[in-house]
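Colleague: The following block contains the structure, expressed as structure tokens.
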Amino acid sequence: MAKHKISRKSTRIDMTAMCDVAFLLLSFFVMTATAKQPEPKPVDTPASTVIDKLPEDGVAVITVGDSAVFFTIPRNIRRGTLERVADLKGVGFTEEDYKKFDGLEGFGVPLSKLKSLLTLKGEARNAPGIQQGIPYDSVNDQLGMWVEQAREANKQFLNDKIASGDTKVKFKDLDIAIKGDAKESYPTIKRVIDILQKQHKNRFFLVTGLRNEDF
Amino acid sequence: MAELNTGGGGGDGKKVRSKKSNPGVDLTAMVDLAFLLITFFMLTTTLSKPQSMPLAMPDKTEDVSDPSDMKIPEDRMMTILIGKDNKLIWYMGQFATPRMAPTEAAYGKDGIRKIILQNTKYAKQHADKPDEGLIVNIKASDKSTYKNLIDILDEMAINKVQLYAIGDITTFEIDLLKEKGLY
């Protein structure tokens, strides 16, 4: 009797534990993954062999593609930046506008059209033709203004934190990265660099892609 | 745990015996799927972080002190002029009196990299101190692209050039590029 029972033992492995672990890891990765935000201007960055990673947060990104310029402000100072810009230029924004701007990843419209951009739904904002780029010519240098106000907002944000007794925070100027399209002509990039240099922002990052080994 | 309890309550002795081989739910496909998704999320999260190249530009102060009192080590100074169609010209020393005449070169390991390495050796020979190396002045013309600039900056990183800067191109240098048909 006993012999028969042993021979009938199933060869199946119990996968319950494996399944548990797999889903635990899966939920971990899903939660930690930062969803890729849709960009108003997808650009093809040039490749380089430098493998330094861009700092994860606290970086303002200037995207340059097809001679149009877009600006992405870090989330923690987004509201502060818009408040400063609104004060400076005398444009009124409602509380709802501020909330919407907080969720706006990158934008590329002149200040006069920002309000109408904010009224659009998320998907419609990135439709082609809606965002034509921030003006950055010498007469109407709105890009310079945004960068300057973002730096000011960052300064205030960090100073407030330090003043509130947070000893972990160290003062650091806002990092700025230029994300240019590989085919972008040099004068456009030069103009953006000049705008930064005018504000004595001489150190910044250039966003690049990975180059294969045999270069 | 994952075995499905199908012993449906009451019933006579015969029925219970026929269901003795306990039908477990097959989790293989589920685990397969879970691991596939894990792989996907792992790869996408780490690979999507963009790379970056730090760049420091010289400070642009309005009142530049007289450039004549700045001694330029001509033997260590290399200038790269970036023209159109992915081509470039390089020379050593000053533009009016070059140590090495302007020469056309291509990008990549067989082009500009070899030249930079040669010039680094040359600069080391002419250096006053052992820690001094090549100085490269990168001058991009209006006809060049952003990719060209990144390629040259990348060469600087590959060859570990001691000092490099991005400068403004002069009209004489543009004329030179025009002469060579690169503008």
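Residue numbers start at 1 in each chain; chains themselves are named A, B, ... in the order of the structure tokens; ligands are numbered from 1 in the order shown.
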Return as a tab-separated table the residues of chain A lying at most 7 Å from chain B, together with the closest atom-to-atom pair for each and the distance in Å to one decimal, counting only C-alpha atoms, with rows in chain order and ascending residue number.
Modeller:
```
residue	atom	partner	partner_atom	distance
A:Met15	CA	B:Leu27	CA	6.0
A:Thr16	CA	B:Ala2	CA	6.1
A:Cys19	CA	B:Val31	CA	5.2
A:Ala22	CA	B:Ala34	CA	5.7
A:Phe23	CA	B:Ala34	CA	6.1
A:Leu25	CA	B:Ile38	CA	6.8
A:Leu26	CA	B:Ile38	CA	5.0
A:Phe29	CA	B:Phe41	CA	5.9
A:Val30	CA	B:Phe41	CA	6.7
A:Ala33	CA	B:Thr45	CA	5.7
A:Pro46	CA	B:Lys147	CA	5.5
A:Ser48	CA	B:Asp154	CA	5.8
A:Thr49	CA	B:Asp154	CA	6.5
A:Val50	CA	B:Met53	CA	6.4
A:Ile51	CA	B:Gln51	CA	6.0
A:Asp52	CA	B:Gln51	CA	5.6
A:Lys53	CA	B:Gln51	CA	4.4
A:Leu54	CA	B:Ser52	CA	5.1
A:Ala182	CA	B:Lys147	CA	4.6
A:Lys183	CA	B:Thr145	CA	5.7
A:Glu184	CA	B:Tyr146	CA	5.4
A:Ser185	CA	B:Thr145	CA	4.2
A:Tyr186	CA	B:Thr145	CA	4.8
A:Pro187	CA	B:Asp142	CA	5.5
A:Ile189	CA	B:Tyr146	CA	7.0
A:Gln197	CA	B:Lys60	CA	6.7
A:His200	CA	B:Asp59	CA	6.8
A:Asn202	CA	B:Met57	CA	5.0
A:Arg203	CA	B:Ala56	CA	4.4
A:Phe204	CA	B:Leu55	CA	5.5
A:Phe205	CA	B:Pro54	CA	4.4
A:Leu206	CA	B:Met53	CA	4.9
A:Val207	CA	B:Ser52	CA	4.3
A:Thr208	CA	B:Gln51	CA	5.4
A:Gly209	CA	B:Gln51	CA	6.0
A:Phe215	CA	B:Gly108	CA	6.6
```
Colleague: Generate the output file for the selected residues, N, CA and C atoms, as a compact mmCIF listing (two decimals), in the first residue's frame.
Modeller:
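What follows is the written file part.txt:
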```txt
# COMPACT_ATOMS: atom_id res chain seq x y z
N MET A 15 4.79 26.34 -7.96
CA MET A 15 5.30 27.63 -8.44
C MET A 15 4.77 28.80 -7.64
N THR A 16 4.04 28.53 -6.62
CA THR A 16 3.41 29.62 -5.87
C THR A 16 4.43 30.65 -5.39
N CYS A 19 5.99 32.61 -8.20
CA CYS A 19 5.01 33.56 -8.71
C CYS A 19 4.92 34.77 -7.77
N ALA A 22 7.99 36.90 -8.25
CA ALA A 22 7.96 37.58 -9.54
C ALA A 22 7.04 38.79 -9.49
N PHE A 23 5.88 38.60 -8.89
CA PHE A 23 4.95 39.73 -8.86
C PHE A 23 5.37 40.80 -7.87
N LEU A 25 8.49 41.65 -7.33
CA LEU A 25 9.48 42.43 -8.08
C LEU A 25 8.79 43.28 -9.14
N LEU A 26 7.81 42.70 -9.78
CA LEU A 26 7.09 43.43 -10.82
C LEU A 26 6.46 44.69 -10.24
N PHE A 29 9.10 47.32 -9.56
CA PHE A 29 9.59 48.05 -10.74
C PHE A 29 8.53 48.98 -11.32
N VAL A 30 7.29 48.52 -11.29
CA VAL A 30 6.22 49.38 -11.82
C VAL A 30 6.14 50.65 -10.99
N ALA A 33 9.40 52.89 -11.42
CA ALA A 33 9.63 53.42 -12.77
C ALA A 33 8.96 54.77 -12.91
N PRO A 46 22.69 63.71 -30.32
CA PRO A 46 23.91 63.14 -30.89
C PRO A 46 24.55 62.17 -29.90
N SER A 48 27.65 60.19 -27.88
CA SER A 48 28.98 60.47 -27.36
C SER A 48 29.45 59.29 -26.53
N THR A 49 30.74 59.23 -26.25
CA THR A 49 31.28 58.12 -25.46
C THR A 49 31.29 58.43 -23.97
N VAL A 50 30.95 59.67 -23.63
CA VAL A 50 30.91 60.04 -22.21
C VAL A 50 29.72 59.35 -21.57
N ILE A 51 29.97 58.61 -20.47
CA ILE A 51 28.86 57.83 -19.92
C ILE A 51 28.34 58.42 -18.61
N ASP A 52 28.63 59.67 -18.32
CA ASP A 52 28.06 60.30 -17.14
C ASP A 52 26.56 60.42 -17.32
N LYS A 53 25.85 60.12 -16.25
CA LYS A 53 24.39 60.24 -16.32
C LYS A 53 23.99 61.65 -15.93
N LEU A 54 22.90 62.07 -16.51
CA LEU A 54 22.34 63.37 -16.15
C LEU A 54 21.78 63.26 -14.73
N ALA A 182 20.65 66.38 -33.20
CA ALA A 182 21.95 66.20 -33.85
C ALA A 182 22.08 67.04 -35.10
N LYS A 183 20.97 67.26 -35.80
CA LYS A 183 21.04 67.98 -37.07
C LYS A 183 20.85 69.48 -36.89
N GLU A 184 20.70 69.89 -35.66
CA GLU A 184 20.48 71.32 -35.40
C GLU A 184 21.71 72.11 -35.83
N SER A 185 21.49 73.26 -36.45
CA SER A 185 22.65 74.03 -36.90
C SER A 185 23.34 74.70 -35.71
N TYR A 186 24.63 74.90 -35.84
CA TYR A 186 25.42 75.41 -34.72
C TYR A 186 24.96 76.80 -34.23
N PRO A 187 24.64 77.75 -35.12
CA PRO A 187 24.24 79.07 -34.62
C PRO A 187 23.08 79.04 -33.62
N ILE A 189 22.38 76.63 -31.44
CA ILE A 189 22.94 76.17 -30.17
C ILE A 189 23.77 77.29 -29.55
N GLN A 197 25.25 82.27 -21.03
CA GLN A 197 26.47 82.96 -20.61
C GLN A 197 26.22 84.39 -20.20
N HIS A 200 25.83 84.63 -16.77
CA HIS A 200 26.99 84.04 -16.08
C HIS A 200 26.74 82.60 -15.68
N ASN A 202 27.96 79.52 -16.77
CA ASN A 202 28.99 79.02 -17.67
C ASN A 202 29.14 77.50 -17.65
N ARG A 203 28.51 76.87 -16.68
CA ARG A 203 28.60 75.41 -16.61
C ARG A 203 27.24 74.80 -16.84
N PHE A 204 27.18 73.91 -17.79
CA PHE A 204 25.91 73.25 -18.03
C PHE A 204 26.17 71.89 -18.65
N PHE A 205 25.11 71.16 -18.88
CA PHE A 205 25.24 69.81 -19.44
C PHE A 205 24.74 69.79 -20.88
N LEU A 206 25.34 68.92 -21.66
CA LEU A 206 24.83 68.66 -22.99
C LEU A 206 24.33 67.22 -22.99
N VAL A 207 23.06 67.05 -23.28
CA VAL A 207 22.48 65.70 -23.25
C VAL A 207 22.88 64.95 -24.52
N THR A 208 23.41 63.76 -24.33
CA THR A 208 23.84 62.96 -25.48
C THR A 208 23.30 61.55 -25.36
N GLY A 209 23.41 60.81 -26.44
CA GLY A 209 23.01 59.40 -26.43
C GLY A 209 24.25 58.53 -26.34
N PHE A 215 33.64 53.33 -32.14
CA PHE A 215 33.83 54.67 -32.70
C PHE A 215 35.29 55.05 -32.66
```
Colleague: Using only C-alpha atoms, which protein or nucleic acid residues come within 10 Å of Thr120 (chain B)? Drop anything in the same chain fewer than 6 positions from it, and give the result as a ChimeraX atom specification.
Modeller: /B:76-78,114,126,132-136,159-162
Colleague: Okay, now the selection with N, CA and C atoms, as an mmCIF file, in the first residue's frame?
Modeller:
```
data_model
loop_
_atom_site.group_PDB
_atom_site.id
_atom_site.type_symbol
_atom_site.label_atom_id
_atom_site.label_comp_id
_atom_site.auth_asym_id
_atom_site.auth_seq_id
_atom_site.Cartn_x
_atom_site.Cartn_y
_atom_site.Cartn_z
ATOM 1 N N ARG B 76 51.700 74.685 -28.240
ATOM 2 C CA ARG B 76 50.740 73.779 -27.620
ATOM 3 C C ARG B 76 49.312 74.101 -28.032
ATOM 4 N N MET B 77 49.194 75.070 -28.892
ATOM 5 C CA MET B 77 47.857 75.571 -29.213
ATOM 6 C C MET B 77 47.381 75.008 -30.551
ATOM 7 N N MET B 78 46.303 74.291 -30.492
ATOM 8 C CA MET B 78 45.731 73.716 -31.709
ATOM 9 C C MET B 78 44.344 74.323 -31.906
ATOM 10 N N LYS B 114 43.817 60.707 -34.558
ATOM 11 C CA LYS B 114 45.250 60.484 -34.774
ATOM 12 C C LYS B 114 46.004 61.804 -34.695
ATOM 13 N N HIS B 126 57.240 70.353 -26.368
ATOM 14 C CA HIS B 126 57.504 71.776 -26.281
ATOM 15 C C HIS B 126 57.010 72.395 -24.979
ATOM 16 N N GLU B 132 51.988 70.104 -18.479
ATOM 17 C CA GLU B 132 51.308 70.898 -19.505
ATOM 18 C C GLU B 132 51.074 70.046 -20.750
ATOM 19 N N GLY B 133 49.920 70.214 -21.340
ATOM 20 C CA GLY B 133 49.591 69.425 -22.522
ATOM 21 C C GLY B 133 49.057 70.299 -23.635
ATOM 22 N N LEU B 134 48.292 69.667 -24.479
ATOM 23 C CA LEU B 134 47.740 70.356 -25.638
ATOM 24 C C LEU B 134 46.578 71.273 -25.216
ATOM 25 N N ILE B 135 46.502 72.393 -25.885
ATOM 26 C CA ILE B 135 45.362 73.293 -25.700
ATOM 27 C C ILE B 135 44.605 73.334 -27.020
ATOM 28 N N VAL B 136 43.344 73.038 -26.980
ATOM 29 C CA VAL B 136 42.567 73.018 -28.221
ATOM 30 C C VAL B 136 41.509 74.113 -28.174
ATOM 31 N N ASN B 159 40.549 61.703 -25.905
ATOM 32 C CA ASN B 159 41.995 61.904 -25.907
ATOM 33 C C ASN B 159 42.501 62.578 -24.631
ATOM 34 N N LYS B 160 41.578 62.872 -23.733
ATOM 35 C CA LYS B 160 41.937 63.514 -22.457
ATOM 36 C C LYS B 160 42.772 64.772 -22.686
ATOM 37 N N VAL B 161 42.295 65.614 -23.545
ATOM 38 C CA VAL B 161 42.968 66.874 -23.817
ATOM 39 C C VAL B 161 42.927 67.731 -22.556
ATOM 40 N N GLN B 162 44.093 68.293 -22.216
ATOM 41 C CA GLN B 162 44.209 68.991 -20.941
ATOM 42 C C GLN B 162 43.276 70.198 -20.853
#
```
Colleague: Please identify all polymer residues within 10 Å of Lys139 (chain B), counting only C-alpha atoms, omitting same-chain residues fewer than 6 positions from it, and present them as a list in words.
Modeller: Thr79, Ile80, Leu81, Ile82, Gly83, Leu88, Ile89, Trp90, Leu149, Ala165, Ile166, Gly167, Asp168, Ile169, Thr170 and Glu173 of chain B
Colleague: When DSSP is applied to the backbone of this structure, which of region 27-176 of chain B are assigned helix (DSSP H, G or I)? Write them out as a JSON list (two decimals) with N, CA and C atoms, in the first residue's frame.
Modeller:
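Output contents, as saved in states_35.json:
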```json
[["chain", "number", "residue", "atom", "x", "y", "z"],
["B", 28, "THR", "N", 2.84, 28.20, -14.57],
["B", 28, "THR", "CA", 3.99, 28.43, -15.44],
["B", 28, "THR", "C", 3.80, 29.65, -16.32],
["B", 29, "ALA", "N", 2.67, 29.73, -16.97],
["B", 29, "ALA", "CA", 2.43, 30.85, -17.89],
["B", 29, "ALA", "C", 2.40, 32.17, -17.13],
["B", 30, "MET", "N", 1.81, 32.13, -15.97],
["B", 30, "MET", "CA", 1.72, 33.35, -15.15],
["B", 30, "MET", "C", 3.11, 33.82, -14.74],
["B", 31, "VAL", "N", 3.94, 32.90, -14.31],
["B", 31, "VAL", "CA", 5.30, 33.26, -13.92],
["B", 31, "VAL", "C", 6.08, 33.77, -15.13],
["B", 32, "ASP", "N", 5.88, 33.12, -16.26],
["B", 32, "ASP", "CA", 6.53, 33.57, -17.50],
["B", 32, "ASP", "C", 6.20, 35.03, -17.77],
["B", 33, "LEU", "N", 4.93, 35.29, -17.70],
["B", 33, "LEU", "CA", 4.47, 36.65, -17.99],
["B", 33, "LEU", "C", 5.05, 37.64, -16.99],
["B", 34, "ALA", "N", 5.03, 37.26, -15.72],
["B", 34, "ALA", "CA", 5.53, 38.15, -14.68],
["B", 34, "ALA", "C", 7.00, 38.47, -14.91],
["B", 35, "PHE", "N", 7.78, 37.44, -15.25],
["B", 35, "PHE", "CA", 9.21, 37.69, -15.47],
["B", 35, "PHE", "C", 9.46, 38.51, -16.73],
["B", 36, "LEU", "N", 8.63, 38.29, -17.72],
["B", 36, "LEU", "CA", 8.75, 39.11, -18.94],
["B", 36, "LEU", "C", 8.55, 40.58, -18.60],
["B", 37, "LEU", "N", 7.52, 40.87, -17.83],
["B", 37, "LEU", "CA", 7.24, 42.25, -17.44],
["B", 37, "LEU", "C", 8.36, 42.81, -16.57],
["B", 38, "ILE", "N", 8.88, 41.99, -15.66],
["B", 38, "ILE", "CA", 9.99, 42.44, -14.82],
["B", 38, "ILE", "C", 11.16, 42.86, -15.68],
["B", 39, "THR", "N", 11.50, 42.00, -16.63],
["B", 39, "THR", "CA", 12.62, 42.31, -17.53],
["B", 39, "THR", "C", 12.37, 43.62, -18.24],
["B", 40, "PHE", "N", 11.17, 43.78, -18.74],
["B", 40, "PHE", "CA", 10.83, 45.00, -19.47],
["B", 40, "PHE", "C", 11.02, 46.23, -18.59],
["B", 41, "PHE", "N", 10.46, 46.19, -17.39],
["B", 41, "PHE", "CA", 10.56, 47.37, -16.52],
["B", 41, "PHE", "C", 11.98, 47.64, -16.07],
["B", 42, "MET", "N", 12.73, 46.54, -15.81],
["B", 42, "MET", "CA", 14.13, 46.73, -15.41],
["B", 42, "MET", "C", 14.91, 47.44, -16.50],
["B", 43, "LEU", "N", 14.75, 46.96, -17.71],
["B", 43, "LEU", "CA", 15.52, 47.52, -18.81],
["B", 43, "LEU", "C", 15.11, 48.95, -19.12],
["B", 44, "THR", "N", 13.82, 49.20, -19.14],
["B", 44, "THR", "CA", 13.39, 50.55, -19.50],
["B", 44, "THR", "C", 13.76, 51.57, -18.44],
["B", 45, "THR", "N", 13.72, 51.19, -17.18],
["B", 45, "THR", "CA", 14.02, 52.20, -16.15],
["B", 45, "THR", "C", 15.49, 52.59, -16.17],
["B", 46, "THR", "N", 16.37, 51.65, -16.39],
["B", 46, "THR", "CA", 17.79, 52.01, -16.32],
["B", 46, "THR", "C", 18.27, 52.64, -17.62],
["B", 47, "LEU", "N", 17.69, 52.21, -18.73],
["B", 47, "LEU", "CA", 18.21, 52.70, -20.01],
["B", 47, "LEU", "C", 17.67, 54.08, -20.37],
["B", 67, "PRO", "N", 44.42, 91.66, -24.63],
["B", 67, "PRO", "CA", 44.86, 90.31, -24.93],
["B", 67, "PRO", "C", 46.36, 90.19, -25.21],
["B", 68, "SER", "N", 47.01, 91.32, -25.47],
["B", 68, "SER", "CA", 48.42, 91.25, -25.84],
["B", 68, "SER", "C", 49.30, 90.78, -24.67],
["B", 69, "ASP", "N", 48.84, 91.06, -23.43],
["B", 69, "ASP", "CA", 49.67, 90.62, -22.32],
["B", 69, "ASP", "C", 49.41, 89.16, -21.90],
["B", 74, "GLU", "N", 52.33, 78.98, -28.33],
["B", 74, "GLU", "CA", 51.97, 78.64, -29.71],
["B", 74, "GLU", "C", 52.19, 77.17, -30.05],
["B", 75, "ASP", "N", 53.21, 76.58, -29.42],
["B", 75, "ASP", "CA", 53.51, 75.19, -29.76],
["B", 75, "ASP", "C", 52.50, 74.21, -29.17],
["B", 76, "ARG", "N", 51.70, 74.69, -28.24],
["B", 76, "ARG", "CA", 50.74, 73.78, -27.62],
["B", 76, "ARG", "C", 49.31, 74.10, -28.03],
["B", 112, "ILE", "N", 40.67, 62.85, -37.11],
["B", 112, "ILE", "CA", 41.10, 63.87, -36.16],
["B", 112, "ILE", "C", 41.73, 63.28, -34.91],
["B", 113, "ARG", "N", 41.34, 62.04, -34.54],
["B", 113, "ARG", "CA", 41.89, 61.49, -33.30],
["B", 113, "ARG", "C", 43.39, 61.26, -33.41],
["B", 114, "LYS", "N", 43.82, 60.71, -34.56],
["B", 114, "LYS", "CA", 45.25, 60.48, -34.77],
["B", 114, "LYS", "C", 46.00, 61.80, -34.70],
["B", 115, "ILE", "N", 45.41, 62.82, -35.31],
["B", 115, "ILE", "CA", 46.07, 64.13, -35.34],
["B", 115, "ILE", "C", 46.17, 64.70, -33.93],
["B", 116, "ILE", "N", 45.10, 64.55, -33.17],
["B", 116, "ILE", "CA", 45.14, 65.09, -31.80],
["B", 116, "ILE", "C", 46.22, 64.37, -31.00],
["B", 117, "LEU", "N", 46.32, 63.06, -31.20],
["B", 117, "LEU", "CA", 47.35, 62.31, -30.46],
["B", 117, "LEU", "C", 48.75, 62.76, -30.86],
["B", 118, "GLN", "N", 48.96, 62.94, -32.16],
["B", 118, "GLN", "CA", 50.26, 63.42, -32.64],
["B", 118, "GLN", "C", 50.59, 64.78, -32.05],
["B", 119, "ASN", "N", 49.58, 65.65, -32.08],
["B", 119, "ASN", "CA", 49.79, 67.01, -31.59],
["B", 119, "ASN", "C", 49.99, 67.05, -30.08],
["B", 120, "THR", "N", 49.36, 66.09, -29.39],
["B", 120, "THR", "CA", 49.58, 66.02, -27.94],
["B", 120, "THR", "C", 51.04, 65.71, -27.66],
["B", 121, "LYS", "N", 51.60, 64.77, -28.44],
["B", 121, "LYS", "CA", 53.02, 64.44, -28.29],
["B", 121, "LYS", "C", 53.89, 65.66, -28.57],
["B", 122, "TYR", "N", 53.56, 66.33, -29.67],
["B", 122, "TYR", "CA", 54.31, 67.53, -30.07],
["B", 122, "TYR", "C", 54.26, 68.57, -28.96],
["B", 123, "ALA", "N", 53.06, 68.76, -28.40],
["B", 123, "ALA", "CA", 52.90, 69.76, -27.34],
["B", 123, "ALA", "C", 53.69, 69.39, -26.10],
["B", 124, "LYS", "N", 53.71, 68.09, -25.79],
["B", 124, "LYS", "CA", 54.46, 67.62, -24.61],
["B", 124, "LYS", "C", 55.95, 67.92, -24.78],
["B", 125, "GLN", "N", 56.43, 67.76, -26.01],
["B", 125, "GLN", "CA", 57.85, 68.02, -26.26],
["B", 125, "GLN", "C", 58.19, 69.49, -26.05],
["B", 146, "TYR", "N", 25.19, 70.73, -34.71],
["B", 146, "TYR", "CA", 25.40, 70.43, -33.29],
["B", 146, "TYR", "C", 26.14, 69.11, -33.12],
["B", 147, "LYS", "N", 25.85, 68.17, -34.02],
["B", 147, "LYS", "CA", 26.50, 66.86, -33.95],
["B", 147, "LYS", "C", 28.01, 67.00, -34.12],
["B", 148, "ASN", "N", 28.43, 67.87, -35.04],
["B", 148, "ASN", "CA", 29.86, 68.09, -35.25],
["B", 148, "ASN", "C", 30.53, 68.57, -33.97],
["B", 149, "LEU", "N", 29.86, 69.48, -33.31],
["B", 149, "LEU", "CA", 30.42, 70.04, -32.08],
["B", 149, "LEU", "C", 30.54, 68.96, -31.01],
["B", 150, "ILE", "N", 29.49, 68.15, -30.86],
["B", 150, "ILE", "CA", 29.52, 67.07, -29.87],
["B", 150, "ILE", "C", 30.62, 66.07, -30.23],
["B", 151, "ASP", "N", 30.77, 65.78, -31.52],
["B", 151, "ASP", "CA", 31.81, 64.83, -31.94],
["B", 151, "ASP", "C", 33.19, 65.32, -31.52],
["B", 152, "ILE", "N", 33.43, 66.61, -31.72],
["B", 152, "ILE", "CA", 34.74, 67.15, -31.36],
["B", 152, "ILE", "C", 34.91, 67.19, -29.84],
["B", 153, "LEU", "N", 33.86, 67.57, -29.14],
["B", 153, "LEU", "CA", 33.93, 67.56, -27.67],
["B", 153, "LEU", "C", 34.17, 66.15, -27.16],
["B", 154, "ASP", "N", 33.58, 65.19, -27.86],
["B", 154, "ASP", "CA", 33.78, 63.80, -27.50],
["B", 154, "ASP", "C", 35.25, 63.39, -27.70],
["B", 155, "GLU", "N", 35.83, 63.85, -28.80],
["B", 155, "GLU", "CA", 37.25, 63.56, -29.05],
["B", 155, "GLU", "C", 38.12, 64.14, -27.92],
["B", 156, "MET", "N", 37.74, 65.30, -27.44],
["B", 156, "MET", "CA", 38.47, 65.91, -26.33],
["B", 156, "MET", "C", 38.43, 64.98, -25.11],
["B", 157, "ALA", "N", 37.25, 64.40, -24.87],
["B", 157, "ALA", "CA", 37.11, 63.50, -23.72],
["B", 157, "ALA", "C", 37.87, 62.20, -23.96],
["B", 158, "ILE", "N", 37.84, 61.70, -25.19],
["B", 158, "ILE", "CA", 38.53, 60.43, -25.49],
["B", 158, "ILE", "C", 40.04, 60.62, -25.35],
["B", 159, "ASN", "N", 40.55, 61.70, -25.90],
["B", 159, "ASN", "CA", 41.99, 61.90, -25.91],
["B", 159, "ASN", "C", 42.50, 62.58, -24.63],
["B", 171, "THR", "N", 36.79, 86.19, -39.09],
["B", 171, "THR", "CA", 36.47, 86.29, -40.52],
["B", 171, "THR", "C", 37.57, 85.69, -41.38],
["B", 172, "PHE", "N", 38.83, 85.79, -40.90],
["B", 172, "PHE", "CA", 39.94, 85.19, -41.66],
["B", 172, "PHE", "C", 39.78, 83.68, -41.74],
["B", 173, "GLU", "N", 39.34, 83.14, -40.65],
["B", 173, "GLU", "CA", 39.18, 81.68, -40.61],
["B", 173, "GLU", "C", 38.00, 81.24, -41.47],
["B", 174, "ILE", "N", 36.98, 82.08, -41.52],
["B", 174, "ILE", "CA", 35.85, 81.78, -42.41],
["B", 174, "ILE", "C", 36.32, 81.82, -43.86],
["B", 175, "ASP", "N", 37.17, 82.81, -44.16],
["B", 175, "ASP", "CA", 37.72, 82.91, -45.51],
["B", 175, "ASP", "C", 38.50, 81.66, -45.87],
["B", 176, "LEU", "N", 39.27, 81.16, -44.89],
["B", 176, "LEU", "CA", 40.04, 79.95, -45.11],
["B", 176, "LEU", "C", 39.12, 78.77, -45.41]]
```
Colleague: One decimal, in Å: what's the spacing between CA of Arg79 (chain A) and CA of Val169 (chain A)?
Modeller: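 Pair CA of Arg79 (chain A) / CA of Val169 (chain A) returns 19.9 Å.
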Colleague: Pick the closest to Gln199 (chain A) from A:Val147, A:Met31, A:Leu24, A:Leu82: which is it, counting only C-alpha atoms?
Modeller: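 Smallest distance to Gln199 (chain A) is found for A:Val147.
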Colleague: Can you work out the spacing between CA of Gly122 (chain A) and CA of Lys99 (chain A) in Å, to one decimal?
Modeller: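 That distance, rounded to one decimal, is 12.9 Å.
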Colleague: Go through A:Ser67, A:Gln149, A:Thr72, A:Gln131 one by one, measure the shortest atom-to-atom distance of each to Leu88 (chain A) using only C-alpha atoms, and give the residue with the smallest value.
Modeller: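 Using only C-alpha atoms, Leu88 (chain A) sits closest to A:Gln149.
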Colleague: What does the distance between CA of Asp66 (chain A) and CA of Asn86 (chain B) come to in Å, to one decimal place?
Modeller: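 Rounded to one decimal, the two atoms are 18.8 Å apart.
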Colleague: Would you mind telling me which residue in A:Leu104, A:Ile62, A:Ile176, A:Ala86 lies nearest to Gly133 (chain A) when using only C-alpha atoms?
Modeller: A:Ile62
